[in-house]
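So this block is final-v2.txt, compact mmCIF, C-alpha atoms:
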# COMPACT_ATOMS: atom_id res chain seq x y z
CA MET A 1 0.00 0.00 0.00
CA THR A 2 1.36 3.42 -0.97
CA ASP A 3 1.66 5.89 1.88
CA ALA A 4 -0.37 9.09 1.62
CA LEU A 5 2.74 11.28 1.33
CA SER A 6 4.98 8.79 -0.46
CA GLY A 7 7.34 10.63 -2.81
CA ILE A 8 7.38 13.86 -0.76
CA ARG A 9 10.87 14.70 0.51
CA VAL A 10 11.19 17.05 3.47
CA LEU A 11 14.37 18.68 4.76
CA ASP A 12 13.89 19.32 8.47
CA ALA A 13 16.47 21.98 9.31
CA ALA A 14 14.58 23.29 12.36
CA THR A 15 15.40 22.78 16.04
CA LEU A 16 13.50 21.98 19.20
CA PHE A 17 9.77 21.70 18.78
CA ALA A 18 7.38 23.45 16.36
CA GLY A 19 9.24 22.97 13.07
CA PRO A 20 10.58 19.49 13.81
CA LEU A 21 7.18 18.28 15.04
CA ALA A 22 5.57 19.48 11.82
CA ALA A 23 8.14 17.38 9.93
CA THR A 24 7.38 14.44 12.21
CA LEU A 25 3.69 14.62 11.33
CA LEU A 26 4.52 14.59 7.62
CA GLY A 27 6.85 11.63 8.13
CA ASP A 28 4.13 9.70 9.94
CA TYR A 29 2.19 9.55 6.68
CA GLY A 30 5.02 8.55 4.40
CA ALA A 31 7.08 11.63 3.56
CA GLU A 32 10.82 11.02 3.54
CA VAL A 33 12.09 13.36 6.23
CA ILE A 34 15.81 14.15 6.30
CA LYS A 35 16.69 15.69 9.65
CA ILE A 36 19.58 18.14 9.24
CA GLU A 37 21.36 18.84 12.51
CA HIS A 38 24.36 20.88 13.54
CA PRO A 39 27.22 18.45 14.26
CA ARG A 40 26.60 18.97 17.98
CA GLY A 41 22.97 17.84 17.54
CA ASP A 42 19.49 19.28 17.94
CA PRO A 43 19.09 20.59 21.53
CA VAL A 44 16.04 18.37 21.97
CA ARG A 45 18.39 15.38 22.20
CA SER A 46 19.35 16.55 25.70
CA HIS A 47 16.04 18.19 26.59
CA GLY A 48 13.95 16.57 29.30
CA ALA A 49 14.01 12.98 30.51
CA GLN A 50 16.78 10.63 29.45
CA ARG A 51 17.52 6.95 29.83
CA ASP A 52 21.17 5.90 29.81
CA GLY A 53 22.05 9.26 28.31
CA VAL A 54 19.56 8.90 25.45
CA GLY A 55 16.98 11.68 25.16
CA LEU A 56 13.43 10.32 25.26
CA TRP A 57 11.78 13.39 23.75
CA TRP A 58 14.08 13.01 20.76
CA LYS A 59 12.93 9.42 20.29
CA MET A 60 9.42 10.73 19.70
CA LEU A 61 10.27 13.94 17.82
CA GLY A 62 12.85 12.23 15.60
CA ARG A 63 10.72 9.24 14.67
CA ASN A 64 10.50 8.23 11.01
CA LYS A 65 13.41 10.57 10.18
CA LYS A 66 16.82 10.06 8.63
CA ALA A 67 19.38 11.98 10.65
CA ILE A 68 22.35 13.73 9.07
CA THR A 69 24.75 16.32 10.42
CA LEU A 70 25.65 19.42 8.42
CA TYR A 71 27.12 22.70 9.58
CA LEU A 72 25.25 25.25 7.51
CA GLY A 73 27.53 28.06 8.61
CA SER A 74 30.32 26.66 6.43
CA PRO A 75 30.65 27.05 2.65
CA GLU A 76 30.81 23.27 2.27
CA GLY A 77 27.64 22.82 4.34
CA GLN A 78 25.85 25.47 2.33
CA GLU A 79 26.80 23.85 -0.97
CA LEU A 80 25.59 20.46 0.23
CA PHE A 81 22.35 22.01 1.46
CA ARG A 82 21.74 23.50 -1.97
CA ARG A 83 22.21 20.06 -3.49
CA LEU A 84 19.77 18.56 -1.02
CA ALA A 85 17.24 21.32 -1.66
CA ALA A 86 17.46 20.81 -5.43
CA ASP A 87 15.33 17.65 -5.28
CA ALA A 88 13.40 18.30 -2.07
CA ASP A 89 9.73 19.21 -1.94
CA VAL A 90 9.77 20.98 1.40
CA VAL A 91 12.30 22.72 3.63
CA ILE A 92 11.29 23.48 7.23
CA GLU A 93 13.52 25.92 9.14
CA ASN A 94 13.27 28.13 12.21
CA PHE A 95 16.38 30.29 12.10
CA ARG A 96 16.04 33.96 12.89
CA PRO A 97 14.90 35.97 9.86
CA GLY A 98 17.85 36.78 7.63
CA THR A 99 19.98 33.80 8.66
CA LEU A 100 19.33 31.70 5.54
CA GLU A 101 19.94 34.78 3.40
CA ARG A 102 23.27 35.40 5.15
CA TRP A 103 24.27 31.85 4.32
CA GLY A 104 23.31 32.21 0.67
CA LEU A 105 20.31 29.92 1.20
CA GLY A 106 17.43 32.37 0.98
CA TYR A 107 14.30 31.53 -0.99
CA ASP A 108 15.47 33.62 -3.93
CA VAL A 109 18.43 31.27 -4.25
CA LEU A 110 16.56 28.05 -3.50
CA LYS A 111 13.72 28.71 -5.94
CA GLU A 112 16.25 29.23 -8.74
CA ILE A 113 17.55 25.76 -7.97
CA ASN A 114 14.11 24.26 -7.39
CA PRO A 115 11.07 26.34 -8.48
CA GLY A 116 8.65 23.89 -6.88
CA LEU A 117 10.20 24.07 -3.42
CA VAL A 118 7.99 24.94 -0.43
CA LEU A 119 9.99 26.76 2.25
CA ALA A 120 8.27 26.73 5.65
CA ARG A 121 9.74 29.36 7.96
CA VAL A 122 8.63 28.88 11.56
CA THR A 123 9.62 31.66 13.97
CA GLY A 124 8.27 33.24 17.11
CA PHE A 125 6.97 36.42 15.49
CA GLY A 126 7.15 35.93 11.73
CA GLN A 127 9.49 37.27 9.06
CA THR A 128 8.46 40.94 9.28
CA GLY A 129 7.59 43.52 11.90
CA PRO A 130 9.40 45.06 14.89
CA TYR A 131 9.66 41.75 16.78
CA ALA A 132 10.79 39.59 13.85
CA ARG A 133 14.37 39.23 15.05
CA ARG A 134 13.51 38.55 18.68
CA PRO A 135 14.22 35.07 20.02
CA GLY A 136 10.91 33.27 19.81
CA PHE A 137 9.82 30.40 22.04
CA GLY A 138 6.47 28.83 22.75
CA THR A 139 6.41 30.31 26.26
CA LEU A 140 6.50 33.81 24.79
CA ALA A 141 3.66 32.94 22.43
CA GLU A 142 1.59 31.54 25.30
CA ALA A 143 2.06 34.85 27.10
CA MET A 144 1.58 37.27 24.21
CA SER A 145 -1.35 35.45 22.59
CA GLY A 146 -3.49 36.02 25.66
CA PHE A 147 -3.51 32.37 26.71
CA ALA A 148 -1.73 32.91 30.04
CA ALA A 149 -3.93 35.89 30.90
CA ILE A 150 -7.09 33.76 30.91
CA THR A 151 -5.53 30.65 32.48
CA GLY A 152 -5.34 30.07 36.22
CA GLU A 153 -7.42 30.78 39.28
CA PRO A 154 -9.24 34.15 39.54
CA ASP A 155 -7.06 35.30 42.43
CA GLY A 156 -3.86 33.72 41.07
CA PRO A 157 -1.24 34.76 38.54
CA PRO A 158 -1.44 34.23 34.78
CA THR A 159 -0.54 30.57 34.21
CA LEU A 160 1.65 28.98 31.55
CA PRO A 161 1.14 25.37 30.43
CA PRO A 162 3.67 22.77 31.66
CA PHE A 163 4.33 21.53 28.11
CA GLY A 164 4.92 22.97 24.63
CA LEU A 165 1.35 24.01 23.87
CA ALA A 166 2.04 26.89 21.47
CA ASP A 167 4.76 24.89 19.72
CA GLY A 168 2.43 21.92 19.29
CA ILE A 169 -0.36 24.05 17.85
CA ALA A 170 2.16 25.75 15.55
CA ALA A 171 3.43 22.34 14.41
CA LEU A 172 -0.06 21.20 13.45
CA THR A 173 -0.61 24.48 11.62
CA THR A 174 2.72 24.22 9.83
CA ALA A 175 1.92 20.73 8.59
CA PHE A 176 -1.43 22.00 7.31
CA ALA A 177 0.24 25.01 5.69
CA VAL A 178 2.78 22.79 3.94
CA MET A 179 0.04 20.55 2.57
CA THR A 180 -1.88 23.63 1.41
CA ALA A 181 1.22 24.91 -0.39
CA LEU A 182 1.84 21.51 -1.98
CA ARG A 183 -1.75 21.43 -3.19
CA ALA A 184 -1.26 24.85 -4.78
CA ARG A 185 1.96 23.60 -6.38
CA ALA A 186 0.06 20.70 -7.95
CA ALA A 187 -2.05 23.28 -9.78
CA THR A 188 0.67 25.81 -10.67
CA GLY A 189 3.97 23.94 -10.54
CA GLU A 190 5.39 26.66 -8.30
CA GLY A 191 6.45 26.48 -4.69
CA GLN A 192 6.16 29.29 -2.18
CA VAL A 193 7.16 30.50 1.27
CA VAL A 194 5.15 29.62 4.37
CA ASP A 195 5.65 32.39 6.96
CA LEU A 196 4.37 31.02 10.27
CA ALA A 197 4.62 32.95 13.54
CA ILE A 198 4.21 30.67 16.56
CA VAL A 199 2.24 33.38 18.35
CA GLU A 200 -0.61 33.34 15.79
CA PRO A 201 -2.09 29.81 15.71
CA ILE A 202 -2.62 29.71 19.48
CA LEU A 203 -4.31 33.11 19.26
CA THR A 204 -6.81 31.67 16.79
CA LEU A 205 -7.59 28.73 19.08
CA LEU A 206 -8.43 31.04 21.96
CA GLY A 207 -11.80 31.70 20.39
CA PRO A 208 -13.80 34.94 20.18
CA GLN A 209 -11.64 37.10 22.47
CA ILE A 210 -10.55 39.51 19.75
CA ILE A 211 -14.02 40.08 18.32
CA ALA A 212 -15.52 40.32 21.82
CA TYR A 213 -13.06 43.04 22.72
CA ASP A 214 -13.58 44.78 19.39
CA GLN A 215 -17.36 44.78 19.61
CA LEU A 216 -18.03 44.87 23.37
CA GLY A 217 -14.79 46.00 25.00
CA GLU A 218 -14.81 42.82 27.09
CA LEU A 219 -11.74 41.00 28.34
CA GLN A 220 -12.07 37.40 29.49
CA ALA A 221 -11.13 36.91 33.13
CA ARG A 222 -9.41 33.93 34.70
CA THR A 223 -11.92 31.40 36.03
CA GLY A 224 -9.76 28.40 36.92
CA ASN A 225 -11.49 25.23 35.77
CA ARG A 226 -14.82 26.95 35.50
CA SER A 227 -16.32 28.30 32.29
CA HIS A 228 -18.06 31.56 31.41
CA ASN A 229 -20.38 29.61 29.14
CA ASN A 230 -21.76 26.74 31.22
CA ALA A 231 -21.87 25.14 34.66
CA PRO A 232 -21.29 22.84 36.35
CA ARG A 233 -17.91 22.55 34.64
CA ASN A 234 -14.96 21.74 36.87
CA THR A 235 -12.73 19.05 38.29
CA TYR A 236 -13.97 17.29 41.41
CA ARG A 237 -12.15 15.09 43.92
CA THR A 238 -13.49 11.63 44.64
CA ARG A 239 -13.53 9.75 47.94
CA ASP A 240 -10.50 7.63 47.00
CA GLY A 241 -8.36 10.65 46.13
CA GLY A 242 -8.93 10.57 42.39
CA TRP A 243 -10.27 13.37 40.22
CA VAL A 244 -12.94 13.60 37.57
CA ALA A 245 -13.91 16.35 35.13
CA ILE A 246 -17.42 17.04 33.95
CA SER A 247 -18.86 19.23 31.22
CA THR A 248 -22.42 20.41 30.75
CA SER A 249 -22.16 22.28 27.46
CA ALA A 250 -25.51 20.79 26.42
CA GLN A 251 -28.61 21.72 28.44
CA SER A 252 -29.82 18.12 28.47
CA ILE A 253 -26.56 16.98 30.02
CA ALA A 254 -26.79 19.62 32.76
CA GLU A 255 -30.26 18.39 33.63
CA ARG A 256 -29.12 14.75 33.75
CA VAL A 257 -26.28 15.68 36.11
CA MET A 258 -28.65 17.42 38.52
CA ARG A 259 -30.98 14.44 38.58
CA LEU A 260 -28.05 12.09 39.11
CA VAL A 261 -26.69 13.99 42.12
CA GLY A 262 -30.14 14.26 43.70
CA ARG A 263 -30.77 17.96 43.08
CA PRO A 264 -33.54 17.98 40.43
CA GLU A 265 -35.13 21.07 41.98
CA LEU A 266 -32.28 23.18 40.62
CA ILE A 267 -33.47 22.44 37.09
CA ASP A 268 -36.61 24.47 37.81
CA GLU A 269 -34.67 27.60 38.73
CA PRO A 270 -35.13 30.32 36.08
CA TRP A 271 -31.35 30.76 35.79
CA PHE A 272 -30.83 27.08 34.96
CA ALA A 273 -32.23 27.47 31.44
CA THR A 274 -29.01 28.68 29.78
CA GLY A 275 -25.34 27.88 30.15
CA ALA A 276 -24.30 31.49 30.67
CA GLU A 277 -26.85 31.94 33.49
CA ARG A 278 -25.83 28.64 35.09
CA ALA A 279 -22.21 29.87 35.05
CA LYS A 280 -23.28 32.80 37.25
CA HIS A 281 -24.46 30.26 39.84
CA ALA A 282 -21.41 28.00 39.65
CA ASP A 283 -20.91 28.03 43.43
CA VAL A 284 -24.33 26.44 44.00
CA LEU A 285 -23.88 23.89 41.24
CA ASP A 286 -20.33 22.98 42.22
CA GLU A 287 -21.41 22.37 45.79
CA ALA A 288 -24.22 20.09 44.65
CA VAL A 289 -22.06 18.11 42.28
CA GLY A 290 -18.87 18.20 44.31
CA SER A 291 -20.44 16.89 47.54
CA TRP A 292 -22.06 13.98 45.69
CA ILE A 293 -18.79 13.06 43.97
CA ALA A 294 -16.74 13.44 47.17
CA ALA A 295 -18.81 10.69 48.81
CA ARG A 296 -17.92 8.12 46.11
CA ASP A 297 -14.85 6.46 44.60
CA ARG A 298 -13.77 7.46 41.10
CA GLY A 299 -14.84 4.22 39.46
CA GLU A 300 -18.29 4.48 41.02
CA VAL A 301 -18.65 8.10 39.86
CA VAL A 302 -17.65 7.34 36.29
CA LYS A 303 -19.99 4.34 36.13
CA ALA A 304 -22.93 6.34 37.48
CA PHE A 305 -22.37 9.21 35.07
CA GLU A 306 -22.12 6.84 32.13
CA GLU A 307 -25.33 5.08 33.10
CA ALA A 308 -27.04 8.49 33.34
CA GLN A 309 -25.61 9.45 29.94
CA ALA A 310 -23.91 12.46 31.49
CA ALA A 311 -20.47 13.65 30.36
CA VAL A 312 -17.62 12.69 32.67
CA ALA A 313 -13.94 11.80 32.37
CA PRO A 314 -11.41 10.66 34.92
CA VAL A 315 -8.40 12.95 35.20
CA TYR A 316 -5.60 10.76 33.88
CA THR A 317 -1.86 10.59 34.21
CA ALA A 318 0.32 9.03 31.51
CA ALA A 319 0.13 5.76 33.44
CA ASP A 320 -3.67 5.83 33.25
CA VAL A 321 -3.62 6.57 29.51
CA MET A 322 -1.42 3.56 28.85
CA ALA A 323 -3.77 1.26 30.78
CA ASP A 324 -7.08 2.54 29.38
CA PRO A 325 -9.08 0.12 27.17
CA GLN A 326 -10.37 2.87 24.86
CA PHE A 327 -6.86 4.04 23.99
CA GLU A 328 -5.90 0.40 23.52
CA ALA A 329 -8.82 -0.15 21.12
CA LEU A 330 -7.83 2.91 19.10
CA GLY A 331 -4.15 2.00 19.04
CA THR A 332 -3.33 5.41 20.51
CA ILE A 333 -0.07 4.18 22.00
CA ALA A 334 2.39 2.53 19.62
CA THR A 335 5.30 0.24 20.44
CA VAL A 336 8.24 1.24 18.29
CA PRO A 337 11.52 -0.65 17.80
CA ASP A 338 14.70 1.22 18.68
CA ASP A 339 18.31 0.11 18.36
CA GLU A 340 19.43 2.07 21.43
CA LEU A 341 16.62 1.47 23.93
CA GLY A 342 14.80 -1.58 22.59
CA PRO A 343 11.00 -1.36 22.18
CA VAL A 344 9.65 2.03 23.28
CA LYS A 345 6.08 3.25 23.65
CA MET A 346 4.93 6.63 22.37
CA GLN A 347 1.87 8.38 21.00
CA ASN A 348 0.80 6.91 17.66
CA VAL A 349 -0.03 8.83 14.48
CA LEU A 350 -2.62 11.56 14.95
CA PHE A 351 -5.50 10.08 12.96
CA ARG A 352 -6.54 6.92 11.17
CA LEU A 353 -6.98 6.90 7.39
CA SER A 354 -8.83 3.89 6.02
CA ARG A 355 -6.61 3.36 2.95
CA THR A 356 -3.29 5.03 3.88
CA PRO A 357 -3.23 4.86 7.67
CA GLY A 358 0.28 6.11 8.46
CA ARG A 359 2.73 4.38 10.76
CA ILE A 360 5.83 4.73 12.91
CA GLU A 361 8.65 2.65 11.54
CA SER A 362 11.47 3.82 13.80
CA ALA A 363 12.16 6.04 16.78
CA GLY A 364 14.54 8.99 16.59
CA PRO A 365 17.93 7.76 15.32
CA PRO A 366 21.39 8.46 16.76
CA LEU A 367 23.08 11.69 15.72
CA GLY A 368 24.27 11.50 12.13
CA ALA A 369 23.07 7.91 11.67
CA HIS A 370 22.20 8.50 8.01
CA THR A 371 24.80 11.07 6.99
CA ALA A 372 26.80 8.70 4.79
CA GLU A 373 23.66 7.20 3.21
CA ILE A 374 22.09 10.53 2.31
CA LEU A 375 25.23 12.35 1.17
CA ALA A 376 26.17 9.39 -1.04
CA ARG A 377 23.14 10.33 -3.17
CA TYR A 378 24.92 13.59 -3.93
CA GLY A 379 28.31 12.17 -4.81
CA VAL A 380 30.02 12.29 -1.43
CA ASP A 381 32.17 9.18 -1.03
CA GLU A 382 34.17 7.94 1.96
CA ALA A 383 37.08 10.24 1.19
CA GLY A 384 34.68 13.16 0.91
CA LEU A 385 33.06 12.26 4.23
CA ALA A 386 36.47 12.14 5.90
CA GLU A 387 37.35 15.56 4.52
CA LEU A 388 34.05 17.04 5.71
CA ARG A 389 34.57 15.54 9.17
CA GLY A 390 38.03 17.01 9.31
CA LYS A 391 36.59 20.47 8.63
CA GLY A 392 33.81 20.07 11.19
CA VAL A 393 31.07 20.21 8.54
CA ILE A 394 29.68 16.82 9.58
CA ARG A 395 30.20 14.60 12.56
What do you get writing this file as structure tokens?
Amino acid sequence: MTDALSGIRVLDAATLFAGPLAATLLGDYGAEVIKIEHPRGDPVRSHGAQRDGVGLWWKMLGRNKKAITLYLGSPEGQELFRRLAADADVVIENFRPGTLERWGLGYDVLKEINPGLVLARVTGFGQTGPYARRPGFGTLAEAMSGFAAITGEPDGPPTLPPFGLADGIAALTTAFAVMTALRARAATGEGQVVDLAIVEPILTLLGPQIIAYDQLGELQARTGNRSHNNAPRNTYRTRDGGWVAISTSAQSIAERVMRLVGRPELIDEPWFATGAERAKHADVLDEAVGSWIAARDRGEVVKAFEEAQAAVAPVYTAADVMADPQFEALGTIATVPDDELGPVKMQNVLFRLSRTPGRIESAGPPLGAHTAEILARYGVDEAGLAELRGKGVIR
């Protein structure tokens, strides 16, 4: 069976998270992804948890990729990059604006070599504007998008997520942007530049804040786990120390929850008729729901909610995810072979396609594992590799 993106070649010259994860997503569905790293390696190799000195985040982020080293700051590295770009479909990079141009690798140069090339440029603040040359990280995007301002308890500080949220959203957007550009190329034969600022996709996902401020002058306040739009909506502790989350976005669900917890009289209150009005009475509703849940173990709560056809979910850790039968049925967690660590488990491909389902063939490879294989395509023999190593161009 042919993979969905079979025949698409991607040069992943980005570091850390947003750009490389976009390349990972393309590789999951059959694109050949060549990971180009500085000879000292992508910083993600030493970022976060490690086992026996092997970075675990890299094993996920580098999956389905062929890893080569290439110092792009050298003339030899630049010449080799131009050769690689000549028959690539996509280049993904996240250098500060102007860096590729300084190296003689700007889009004006690359499109002369390869008119169909799609160049995806992923930076904190985009290629233009007063902030373009600032260092850009997901944390800054989470702050400047407005995400942190609306996250956290009402009397607490703005809260940042404990994982790469903005980077992950930007990666999904980059993969979509690349596919959009490739679709346009199929019609015109011409590539183009994707200019993606990490701060923008997360802003879009925050919903109607911009239009609400524009039209009403309203700014969303922090509400913790509560919602402005419905109630009860919160996390609640169970008798055995677990936690569950419930949502009542639908009016019928809210009514079922009240009947389940033995407070049907609340349904008759005039304010119960809409989610926004219920949210104004969240204290009353949380007390009703929370006291009922606190008197029961988590398993009992989940079972009762399911029988009542009310929306509930246990608050999981990674250990819970790996043991859950629904995730097992979906194949959400994949076991991937790895030469360094043996079989490793990680999140599987994002979605299931019925004819071209995608797959993970390998975890992130050792630094430079495919340098000789890839450069041999471009006429670099063993003597050439030795010379490049001697100059520090490859490792």
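Near A:Val91, within 10 Å and counting only C-alpha atoms, sit Arg9, Val10, Leu11, Asp12, Ala13, Ala14, Gly19, Ala23, Val33, Ile34, Leu84, Ala85, Leu110, Leu117, Val118, Leu119, Ala120, Arg121, Val178, Val193 and Val194 of chain A, not including residues fewer than 6 positions from it in the same chain.
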Could you give me the axis-aligned bounding box of stretch 251-258 of chain A, with 5 Å of padding per side, as centre plus edge lengths in Å to one decimal, as JSON?
{"center_x": -28.3, "center_y": 18.2, "center_z": 33.5, "size_x": 14.0, "size_y": 17.0, "size_z": 20.1}
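Between atom CA of A:Gly364 and atom CA of A:Tyr316 the interatomic distance comes to 26.6 Å.
Nearest-residue note for A:Pro158: choosing from A:Asp89, A:Asp324, A:Glu142, A:Asp339, the minimum distance belongs to A:Glu142, counting only C-alpha atoms.
We find atom CA of A:Gly7 and atom CA of A:Gln347 to be spaced 24.5 Å apart.
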A:Ala313: which residues within 8 Å, counting only C-alpha atoms, same-chain residues fewer than 3 positions away excluded, as an mmCIF file with C-alpha atoms, keeping the file's coordinate frame?
data_model
loop_
_atom_site.group_PDB
_atom_site.id
_atom_site.type_symbol
_atom_site.label_atom_id
_atom_site.label_comp_id
_atom_site.auth_asym_id
_atom_site.auth_seq_id
_atom_site.Cartn_x
_atom_site.Cartn_y
_atom_site.Cartn_z
ATOM 1 C CA VAL A 244 -12.940 13.600 37.570
ATOM 2 C CA ALA A 245 -13.910 16.350 35.130
ATOM 3 C CA ILE A 246 -17.420 17.040 33.950
ATOM 4 C CA VAL A 302 -17.650 7.340 36.290
#
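Shortest atom-to-atom contact with A:Ile113 among A:Arg133, A:Arg395, A:Arg83, A:Arg298: A:Arg83, counting only C-alpha atoms.
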